[in-house]
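Here is the file data_20.cif (mmCIF, C-alpha atoms).
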```cif
data_coords
loop_
_atom_site.label_atom_id
_atom_site.label_comp_id
_atom_site.auth_asym_id
_atom_site.auth_seq_id
_atom_site.Cartn_x
_atom_site.Cartn_y
_atom_site.Cartn_z
CA MET K 1 -10.09 -7.42 18.04
CA PRO K 2 -7.82 -5.62 20.51
CA GLY K 3 -8.36 -1.94 21.17
CA ARG K 4 -5.71 0.52 20.16
CA VAL K 5 -2.83 0.70 22.63
CA SER K 6 -1.66 4.20 23.42
CA VAL K 7 2.06 4.88 23.15
CA ALA K 8 3.66 6.95 25.91
CA PRO K 9 5.90 9.90 24.97
CA THR K 10 9.65 9.52 25.32
CA ASP K 11 12.57 11.83 26.01
CA LEU K 12 14.47 10.72 22.91
CA ASP K 13 15.74 13.55 20.71
CA VAL K 14 13.53 12.64 17.76
CA ARG K 15 13.87 15.04 14.84
CA ARG K 16 11.12 15.16 12.27
CA ALA K 17 11.20 16.83 8.89
CA PRO K 18 8.86 16.58 5.90
CA GLY K 19 9.80 13.82 3.48
CA THR K 20 12.13 12.00 5.90
CA PRO K 21 11.69 9.29 8.53
CA PRO K 22 12.06 10.33 12.18
CA LEU K 23 15.76 10.66 13.02
CA VAL K 24 17.49 10.22 16.38
CA HIS K 25 21.01 11.61 16.75
CA THR K 26 22.69 9.51 19.42
CA PRO K 27 25.74 10.65 21.40
CA PRO K 28 28.91 9.81 19.40
CA CYS K 29 30.02 6.31 20.41
CA ARG K 30 33.78 5.73 20.43
CA ASP K 31 33.39 1.95 20.23
CA ILE K 32 30.68 -0.63 19.88
CA THR K 33 30.54 -1.36 23.62
CA VAL K 34 29.53 2.24 24.31
CA ALA K 35 26.92 1.95 21.55
CA VAL K 36 25.52 -1.25 23.10
CA ASP K 37 25.29 0.46 26.51
CA TRP K 38 23.48 3.52 25.11
CA LEU K 39 21.10 1.39 23.07
CA SER K 40 20.36 -0.89 26.03
CA ALA K 41 19.53 2.12 28.22
CA HIS K 42 17.16 3.55 25.60
CA ARG K 43 15.70 0.37 24.13
CA THR K 44 12.24 0.77 25.70
CA GLN K 45 11.93 4.36 24.50
CA ILE K 46 13.08 3.43 21.01
CA ARG K 47 10.55 0.63 20.77
CA GLN K 48 7.79 2.96 21.98
CA GLU K 49 8.74 5.51 19.34
CA LEU K 50 8.74 2.76 16.72
CA LEU K 51 5.08 1.97 17.54
CA ARG K 52 4.24 5.64 17.10
CA SER K 53 6.23 6.38 13.94
CA GLY K 54 6.55 2.99 12.24
CA ALA K 55 10.19 3.63 11.32
CA LEU K 56 13.10 5.30 13.07
CA MET K 57 16.65 6.09 11.95
CA LEU K 58 19.45 6.08 14.53
CA ARG K 59 22.58 8.06 13.68
CA GLY K 60 25.82 8.13 15.67
CA LEU K 61 26.19 4.56 16.95
CA GLY K 62 29.19 3.95 14.71
CA VAL K 63 28.40 0.56 13.16
CA ARG K 64 31.52 -0.49 11.22
CA ASP K 65 30.89 -4.08 10.13
CA THR K 66 28.42 -6.95 10.30
CA ALA K 67 29.72 -8.03 13.74
CA ASP K 68 28.94 -4.56 15.17
CA PHE K 69 25.53 -4.67 13.50
CA ALA K 70 24.73 -8.09 14.96
CA ARG K 71 25.57 -6.89 18.49
CA LEU K 72 23.21 -3.92 18.22
CA ARG K 73 20.57 -6.09 16.56
CA ASP K 74 20.64 -8.36 19.61
CA VAL K 75 19.75 -5.39 21.82
CA LEU K 76 16.88 -4.11 19.67
CA ILE K 77 15.37 -7.36 18.36
CA PRO K 78 16.78 -10.35 20.26
CA GLN K 79 14.24 -12.80 18.77
CA SER K 80 15.14 -13.57 15.15
CA ALA K 81 12.70 -14.34 12.33
CA GLY K 82 13.42 -16.48 9.30
CA TYR K 83 13.23 -15.46 5.64
CA LYS K 84 10.62 -17.82 4.17
CA GLU K 85 9.37 -18.42 0.62
CA LYS K 86 12.33 -16.48 -0.74
CA ALA K 87 11.67 -14.16 -3.66
CA THR K 88 14.95 -12.26 -4.21
CA PRO K 89 18.64 -13.12 -3.91
CA ARG K 90 20.45 -12.18 -0.69
CA THR K 91 23.93 -12.78 0.71
CA ASP K 92 24.03 -14.52 4.10
CA PHE K 93 26.75 -13.02 6.30
CA GLY K 94 26.01 -15.35 9.21
CA GLU K 95 24.49 -14.68 12.65
CA GLY K 96 21.15 -13.82 11.03
CA VAL K 97 22.61 -10.90 9.05
CA PHE K 98 21.89 -10.62 5.31
CA SER K 99 22.42 -8.21 2.47
CA SER K 100 19.29 -6.11 2.07
CA THR K 101 19.06 -7.38 -1.53
CA ASP K 102 21.43 -8.37 -4.32
CA LEU K 103 19.30 -6.96 -7.13
CA PRO K 104 21.11 -4.69 -9.66
CA ALA K 105 21.95 -1.13 -8.57
CA MET K 106 19.97 0.42 -11.46
CA GLN K 107 16.76 -1.34 -10.38
CA PRO K 108 14.66 0.56 -7.81
CA ILE K 109 12.55 -1.55 -5.46
CA ARG K 110 8.99 -0.47 -4.70
CA LEU K 111 7.62 -0.27 -1.18
CA HIS K 112 6.52 -3.62 0.27
CA ASN K 113 5.99 -5.31 3.63
CA GLU K 114 8.47 -8.14 4.10
CA ASN K 115 6.89 -11.59 3.63
CA SER K 116 3.34 -10.22 3.53
CA TYR K 117 2.32 -13.36 1.63
CA THR K 118 3.40 -15.83 4.35
CA LEU K 119 1.46 -17.03 7.38
CA ASP K 120 4.11 -15.71 9.74
CA PHE K 121 6.52 -12.89 9.05
CA PRO K 122 9.02 -10.60 10.76
CA GLY K 123 7.42 -7.93 12.90
CA THR K 124 10.59 -5.81 12.94
CA LEU K 125 13.37 -5.15 10.44
CA LEU K 126 16.74 -3.56 11.22
CA PHE K 127 18.85 -2.12 8.40
CA GLY K 128 22.43 -0.97 8.86
CA CYS K 129 24.79 1.01 6.65
CA ILE K 130 28.30 -0.39 6.39
CA THR K 131 29.13 1.47 3.16
CA ALA K 132 27.01 4.37 1.88
CA PRO K 133 26.53 4.67 -1.90
CA GLU K 134 27.89 7.64 -3.82
CA GLU K 135 24.44 8.60 -5.05
CA GLY K 136 20.89 7.47 -4.31
CA GLY K 137 20.31 4.10 -2.67
CA ALA K 138 18.18 5.28 0.24
CA THR K 139 16.06 2.63 1.96
CA THR K 140 12.67 4.23 1.53
CA VAL K 141 9.81 3.72 3.98
CA GLY K 142 6.10 4.49 3.94
CA ASP K 143 3.38 4.44 6.61
CA MET K 144 0.80 1.81 5.68
CA ARG K 145 -1.79 3.25 8.09
CA GLU K 146 -1.76 6.38 6.00
CA ALA K 147 -1.68 4.37 2.76
CA LEU K 148 -4.87 2.57 3.77
CA ARG K 149 -6.59 5.90 4.43
CA ARG K 150 -5.57 7.22 1.00
CA ILE K 151 -6.52 4.23 -1.15
CA PRO K 152 -9.61 5.07 -3.22
CA ALA K 153 -12.69 3.84 -1.38
CA HIS K 154 -13.92 1.60 -4.22
CA LEU K 155 -10.59 -0.22 -4.37
CA ARG K 156 -10.32 -0.57 -0.63
CA ALA K 157 -13.80 -2.13 -0.51
CA ARG K 158 -12.89 -4.68 -3.20
CA PHE K 159 -9.71 -5.73 -1.40
CA GLU K 160 -11.42 -5.94 1.98
CA ALA K 161 -14.09 -8.19 0.46
CA ALA K 162 -11.82 -10.50 -1.53
CA GLY K 163 -8.21 -10.12 -0.37
CA TRP K 164 -5.45 -10.59 -2.92
CA LEU K 165 -4.09 -13.59 -4.82
CA LEU K 166 -0.41 -14.24 -5.55
CA LEU K 167 0.63 -16.51 -8.44
CA ARG K 168 4.26 -17.60 -8.73
CA ASN K 169 6.11 -19.55 -11.42
CA TYR K 170 9.56 -20.73 -10.33
CA SER K 171 12.38 -20.67 -12.84
CA GLU K 172 16.16 -20.46 -13.13
CA LEU K 173 15.69 -17.86 -15.87
CA ALA K 174 13.35 -15.41 -14.12
CA GLY K 175 12.76 -15.01 -10.40
CA LEU K 176 14.09 -17.89 -8.28
CA PRO K 177 13.85 -21.65 -8.83
CA TRP K 178 11.77 -23.54 -6.29
CA GLN K 179 14.87 -25.20 -4.88
CA LYS K 180 16.14 -21.81 -3.65
CA THR K 181 12.75 -20.47 -2.61
CA PHE K 182 12.02 -23.46 -0.38
CA SER K 183 15.66 -24.39 0.45
CA THR K 184 15.30 -28.01 -0.64
CA GLU K 185 15.88 -30.31 -3.61
CA ASP K 186 13.03 -32.61 -2.58
CA PRO K 187 9.59 -32.02 -4.17
CA ALA K 188 7.94 -33.87 -1.28
CA VAL K 189 9.32 -31.29 1.17
CA VAL K 190 7.86 -28.51 -0.99
CA GLU K 191 4.47 -30.22 -1.10
CA ALA K 192 4.44 -30.65 2.68
CA TYR K 193 5.38 -27.01 3.17
CA CYS K 194 2.62 -25.84 0.83
CA HIS K 195 0.07 -28.02 2.61
CA ASP K 196 1.10 -26.71 6.04
CA HIS K 197 1.19 -23.05 4.91
CA THR K 198 -2.03 -22.82 2.86
CA ILE K 199 -0.42 -22.61 -0.58
CA GLY K 200 -1.92 -24.21 -3.67
CA HIS K 201 0.70 -25.90 -5.84
CA GLU K 202 0.95 -27.57 -9.24
CA TRP K 203 3.85 -29.40 -10.87
CA LEU K 204 3.94 -28.59 -14.58
CA ALA K 205 4.89 -30.95 -17.40
CA ASP K 206 8.46 -29.64 -17.57
CA GLY K 207 9.00 -30.24 -13.85
CA SER K 208 8.63 -26.61 -12.86
CA LEU K 209 6.37 -25.44 -10.04
CA ARG K 210 3.43 -23.02 -9.96
CA THR K 211 1.85 -21.86 -6.72
CA GLN K 212 -1.01 -19.63 -5.66
CA GLN K 213 -2.05 -18.28 -2.29
CA ARG K 214 -4.84 -15.94 -1.24
CA ARG K 215 -4.11 -13.55 1.60
CA SER K 216 -5.76 -10.60 3.28
CA ALA K 217 -4.83 -7.17 1.93
CA VAL K 218 -5.68 -5.47 5.22
CA VAL K 219 -4.59 -6.54 8.71
CA SER K 220 -4.44 -4.99 12.19
CA HIS K 221 -1.27 -4.35 14.13
CA PRO K 222 -1.12 -6.91 16.98
CA VAL K 223 -0.08 -4.29 19.58
CA THR K 224 -1.72 -1.00 18.56
CA GLY K 225 -4.81 -2.47 16.89
CA GLU K 226 -4.47 -0.07 13.94
CA LYS K 227 -5.60 -1.26 10.51
CA VAL K 228 -2.92 -1.22 7.81
CA TRP K 229 -2.53 -1.96 4.09
CA PHE K 230 -0.31 -5.07 4.17
CA ASN K 231 0.44 -6.93 0.94
CA HIS K 232 2.60 -7.28 -2.19
CA PHE K 233 -0.24 -6.68 -4.62
CA ALA K 234 1.12 -3.63 -6.47
CA PHE K 235 4.73 -4.71 -5.95
CA TRP K 236 4.29 -7.86 -8.06
CA ASN K 237 1.46 -6.90 -10.37
CA GLN K 238 2.35 -7.05 -14.06
CA TRP K 239 1.09 -3.48 -14.58
CA ALA K 240 3.78 -2.29 -12.16
CA LEU K 241 6.53 -3.54 -14.48
CA ASP K 242 8.28 -1.31 -16.99
CA GLU K 243 6.34 -1.71 -20.21
CA ASP K 244 9.29 -3.16 -22.16
CA VAL K 245 10.00 -5.70 -19.39
CA ARG K 246 6.34 -6.69 -19.18
CA ASP K 247 6.10 -7.19 -22.94
CA VAL K 248 9.18 -9.44 -22.99
CA LEU K 249 7.98 -11.52 -20.03
CA VAL K 250 4.47 -11.98 -21.44
CA GLU K 251 5.84 -12.88 -24.88
CA THR K 252 8.31 -15.35 -23.36
CA TYR K 253 6.21 -16.98 -20.64
CA GLY K 254 2.61 -16.12 -21.48
CA GLU K 255 0.06 -14.27 -19.33
CA ASP K 256 -0.09 -17.07 -16.76
CA GLY K 257 3.62 -17.85 -16.74
CA LEU K 258 5.15 -14.72 -15.22
CA PRO K 259 7.50 -15.25 -12.26
CA PHE K 260 5.09 -13.18 -10.12
CA ASP K 261 1.65 -11.78 -10.73
CA THR K 262 -1.22 -10.66 -8.53
CA TYR K 263 -5.00 -10.61 -8.74
CA LEU K 264 -7.86 -9.70 -6.50
CA GLY K 265 -8.74 -12.60 -4.23
CA ASP K 266 -11.67 -13.53 -6.48
CA ALA K 267 -9.15 -14.04 -9.36
CA SER K 268 -10.25 -10.89 -11.19
CA ARG K 269 -7.67 -8.46 -12.54
CA LEU K 270 -7.39 -4.79 -11.73
CA SER K 271 -7.06 -2.41 -14.63
CA ARG K 272 -3.79 -0.66 -15.34
CA GLU K 273 -5.39 2.58 -14.08
CA ASP K 274 -6.38 1.01 -10.76
CA VAL K 275 -2.90 -0.44 -10.22
CA GLU K 276 -1.40 2.93 -11.02
CA ALA K 277 -3.72 4.49 -8.43
CA LEU K 278 -2.32 2.10 -5.81
CA ILE K 279 1.26 2.88 -6.87
CA ALA K 280 0.48 6.60 -6.59
CA VAL K 281 -0.58 6.09 -2.96
CA TYR K 282 2.74 4.38 -2.19
CA ASP K 283 4.56 7.30 -3.82
CA GLU K 284 2.58 9.80 -1.74
CA VAL K 285 3.54 8.19 1.60
CA THR K 286 7.19 7.46 0.74
CA VAL K 287 9.88 9.16 2.83
CA ARG K 288 13.66 8.85 2.59
CA GLU K 289 16.94 9.75 4.26
CA GLU K 290 20.39 9.49 2.67
CA TRP K 291 22.46 6.75 4.27
CA GLN K 292 25.55 7.69 6.26
CA PRO K 293 28.07 5.05 7.38
CA GLY K 294 27.06 3.60 10.73
CA ASP K 295 23.36 4.48 10.46
CA LEU K 296 20.65 2.10 11.63
CA LEU K 297 17.05 2.11 10.35
CA LEU K 298 14.49 0.31 12.50
CA VAL K 299 11.21 -0.55 10.74
CA ASP K 300 7.97 -1.98 12.11
CA ASN K 301 7.20 -4.33 9.22
CA ILE K 302 3.43 -4.12 9.73
CA LEU K 303 3.08 -0.36 10.21
CA CYS K 304 5.57 0.54 7.46
CA ALA K 305 6.57 -0.78 4.06
CA HIS K 306 10.11 -0.34 2.79
CA GLY K 307 11.88 -0.16 -0.58
CA ARG K 308 15.15 0.92 -2.20
CA GLU K 309 16.18 3.63 -4.61
CA ALA K 310 18.47 2.95 -7.55
CA PHE K 311 22.03 3.96 -6.75
CA ARG K 312 25.55 4.55 -8.01
CA GLY K 313 28.78 3.38 -6.40
CA ASP K 314 29.46 0.74 -3.78
CA ARG K 315 26.57 0.18 -1.37
CA ARG K 316 26.61 -2.23 1.54
CA ILE K 317 23.38 -2.21 3.51
CA VAL K 318 22.69 -5.18 5.76
CA VAL K 319 19.43 -6.32 7.31
CA ALA K 320 18.21 -8.53 10.14
CA MET K 321 14.64 -9.69 10.75
CA GLY K 322 13.03 -10.38 14.11
CA ASP K 323 9.97 -10.37 16.34
CA PRO K 324 8.07 -13.01 14.31
CA VAL K 325 4.31 -12.43 14.05
CA ARG K 326 1.63 -14.89 13.02
CA LEU K 327 -0.95 -13.68 10.54
CA ASN K 328 -3.84 -14.91 12.67
CA ASN K 329 -2.69 -12.54 15.44
CA CYS K 330 -3.22 -9.60 13.04
CA HIS K 331 -6.95 -10.21 12.52
CA PRO K 332 -6.80 -10.51 8.72
CA VAL K 333 -9.95 -9.20 7.04
CA THR K 334 -9.81 -12.14 4.58
CA ALA K 335 -8.92 -15.67 5.66
CA PRO K 336 -5.91 -17.29 3.94
CA SER K 337 -6.70 -19.87 1.26
CA THR K 338 -5.05 -21.97 -1.43
CA THR K 339 -7.59 -20.84 -4.02
CA ALA K 340 -9.42 -17.78 -5.25
CA LEU K 341 -12.50 -16.73 -3.32
CA ASP K 342 -15.04 -18.18 -5.75
CA ASN K 343 -13.40 -21.60 -6.03
#
```
Would you write the structure of this file as structure tokens?
Amino acid sequence: MPGRVSVAPTDLDVRRAPGTPPLVHTPPCRDITVAVDWLSAHRTQIRQELLRSGALMLRGLGVRDTADFARLRDVLIPQSAGYKEKATPRTDFGEGVFSSTDLPAMQPIRLHNENSYTLDFPGTLLFGCITAPEEGGATTVGDMREALRRIPAHLRARFEAAGWLLLRNYSELAGLPWQKTFSTEDPAVVEAYCHDHTIGHEWLADGSLRTQQRRSAVVSHPVTGEKVWFNHFAFWNQWALDEDVRDVLVETYGEDGLPFDTYLGDASRLSREDVEALIAVYDEVTVREEWQPGDLLLVDNILCAHGREAFRGDRRIVVAMGDPVRLNNCHPVTAPSTTALDN
């Protein structure tokens, strides 16, 4: 395993305040060309600060539309990363720019690391504010190094020993159908993908698909060597759902038919109390900053998880993903598998 890489200090004007991500006020940029020039001159310092802080908001670059956003994205993260094994609806604006999510405004989104369940995932995310909401709607972030330190020791030990298991049932009625998740109408393409990406799969009698994949809950950052909590376990666990929603889903689809559910990697369930303890850790490390038009938020997807507050009014936040990372370069504590640990 690589040793921790030290991060040199920078001369960026980084402002830190409790409860908020680090914020850099850039010189006001009269047009996007000036913004590109400033960002290009400071790119190395910004990326160094990102390794230190995990997330960094840039204010003053004057992003007006998706074309402006794409130009700045190309400076910060020129190597794009795909969105695989899709789980939520997004709008594709072209040039590798997407809506952050198209889920309803009233629905908050818990902290998660993008594509933590895949074998390769984006190392860096860039969010941009085209239109700020009237109320709420911050893109929340949380340091997963700190989360790992705060997780109760008995839970951490269980996850390090067994990893976590994701079960998915694909449906037009709840979640996404397999055709959208895997971007194909051909079952043979899905089967080949699952084989190549260590995913167990089963075609059910009604033609629907069920998959399972075991992944490590703890990985190490490929540059700094720091251990982090990196998974969707609490995000998709049934005990994280609102009680009324959970009751309806279980009554409709059964315990093993939910669109998403998670288990320890040995297929055992955590109690409601243990899941709530994990959620409490996420809450403790969450920080936020109100969006202003033109803002950028750069997130190291391994060091930090991200989420979204509920909001009111029009909100247009776009995202791009880049710097792809392979799981095996992050020294997962638990090897990926198509089955639970005891199978």
Per residue of segment 218-313 of chain K within 7 Å of segment 134-153 of chain K, which atom pair is closest and at what distance in Å (one decimal), using only C-alpha atoms, listed by chain and increasing number, as CSV?
```
residue,atom,partner,partner_atom,distance
K:Lys227,CA,K:Arg145,CA,6.4
K:Val228,CA,K:Arg145,CA,4.6
K:Trp229,CA,K:Leu148,CA,5.1
K:Leu278,CA,K:Ile151,CA,6.6
K:Val281,CA,K:Ala147,CA,6.1
K:Tyr282,CA,K:Ala147,CA,6.6
K:Val285,CA,K:Gly142,CA,5.1
K:Thr286,CA,K:Gly142,CA,4.5
K:Val287,CA,K:Val141,CA,5.6
K:Arg288,CA,K:Thr140,CA,4.8
K:Glu289,CA,K:Ala138,CA,6.1
K:Glu290,CA,K:Ala138,CA,5.3
K:Trp291,CA,K:Ala138,CA,6.1
K:Leu303,CA,K:Met144,CA,5.5
K:Cys304,CA,K:Asp143,CA,4.6
K:Ala305,CA,K:Gly142,CA,5.3
K:His306,CA,K:Val141,CA,4.2
K:Gly307,CA,K:Thr140,CA,4.9
K:Arg308,CA,K:Thr139,CA,4.6
K:Glu309,CA,K:Gly137,CA,4.6
K:Ala310,CA,K:Gly137,CA,5.3
K:Phe311,CA,K:Gly136,CA,4.4
K:Arg312,CA,K:Glu135,CA,5.1
K:Gly313,CA,K:Glu134,CA,5.1
```
Evaluate the PyMOL selection byres ((chain K and resi 194-197) around 10) on the structure here and hand back the selected residues as a ChimeraX atom specification.
/K:118-120,182,188-193,198-201,211-213,336-338
Would you put the residues from that selection into a file with C-alpha atoms, as a short mmCIF file (atom, residue, chain, number, x, y, z; two decimals), keeping the file's coordinate frame?
```
data_model
loop_
_atom_site.label_atom_id
_atom_site.label_comp_id
_atom_site.auth_asym_id
_atom_site.auth_seq_id
_atom_site.Cartn_x
_atom_site.Cartn_y
_atom_site.Cartn_z
CA THR K 118 3.40 -15.83 4.35
CA LEU K 119 1.46 -17.03 7.38
CA ASP K 120 4.11 -15.71 9.74
CA PHE K 182 12.02 -23.46 -0.38
CA ALA K 188 7.94 -33.87 -1.28
CA VAL K 189 9.32 -31.29 1.17
CA VAL K 190 7.86 -28.51 -0.99
CA GLU K 191 4.47 -30.22 -1.10
CA ALA K 192 4.44 -30.65 2.68
CA TYR K 193 5.38 -27.01 3.17
CA THR K 198 -2.03 -22.82 2.86
CA ILE K 199 -0.42 -22.61 -0.58
CA GLY K 200 -1.92 -24.21 -3.67
CA HIS K 201 0.70 -25.90 -5.84
CA THR K 211 1.85 -21.86 -6.72
CA GLN K 212 -1.01 -19.63 -5.66
CA GLN K 213 -2.05 -18.28 -2.29
CA PRO K 336 -5.91 -17.29 3.94
CA SER K 337 -6.70 -19.87 1.26
CA THR K 338 -5.05 -21.97 -1.43
#
```
Using all atoms listed in the file: which of K:Arg326, K:Arg30, K:Arg64, K:His42 has the shortest distance to Gly294 of chain K:
K:Arg64
Given 3 Å on each side, where is the centre and what are the edge lengths in Å to one decimal of the axis-aligned box enclosing the listed atoms of segment 32-36 of chain K, as AutoDock Vina command-line options?
```
--center_x 28.1 --center_y 0.4 --center_z 22.1 --size_x 11.2 --size_y 9.6 --size_z 10.4
```
Report, in Å with one decimal, the straight-line distance from atom CA of Val319 of chain K to atom CA of Phe127 of chain K.
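According to the coordinates, atom CA of Val319 of chain K and atom CA of Phe127 of chain K are separated by 4.4 Å.
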Which residue gives the smallest distance to Asp266 of chain K among K:Tyr170, K:Trp164, K:Trp239, K:Phe230, with all atoms listed in the file counted?
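Comparing K:Tyr170, K:Trp164, K:Trp239, K:Phe230 against Asp266 of chain K, the winner is K:Trp164.
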Contacts of Arg246 of chain K at 10 Å or less, counting all atoms listed in the file, minus same-chain residues fewer than 6 places along, as a PyMOL selection string?
chain K and resi 238-240+252+255+258
What gap, in Å, lies between atom CA of Ser271 of chain K and atom CA of His154 of chain K?
13.1 Å
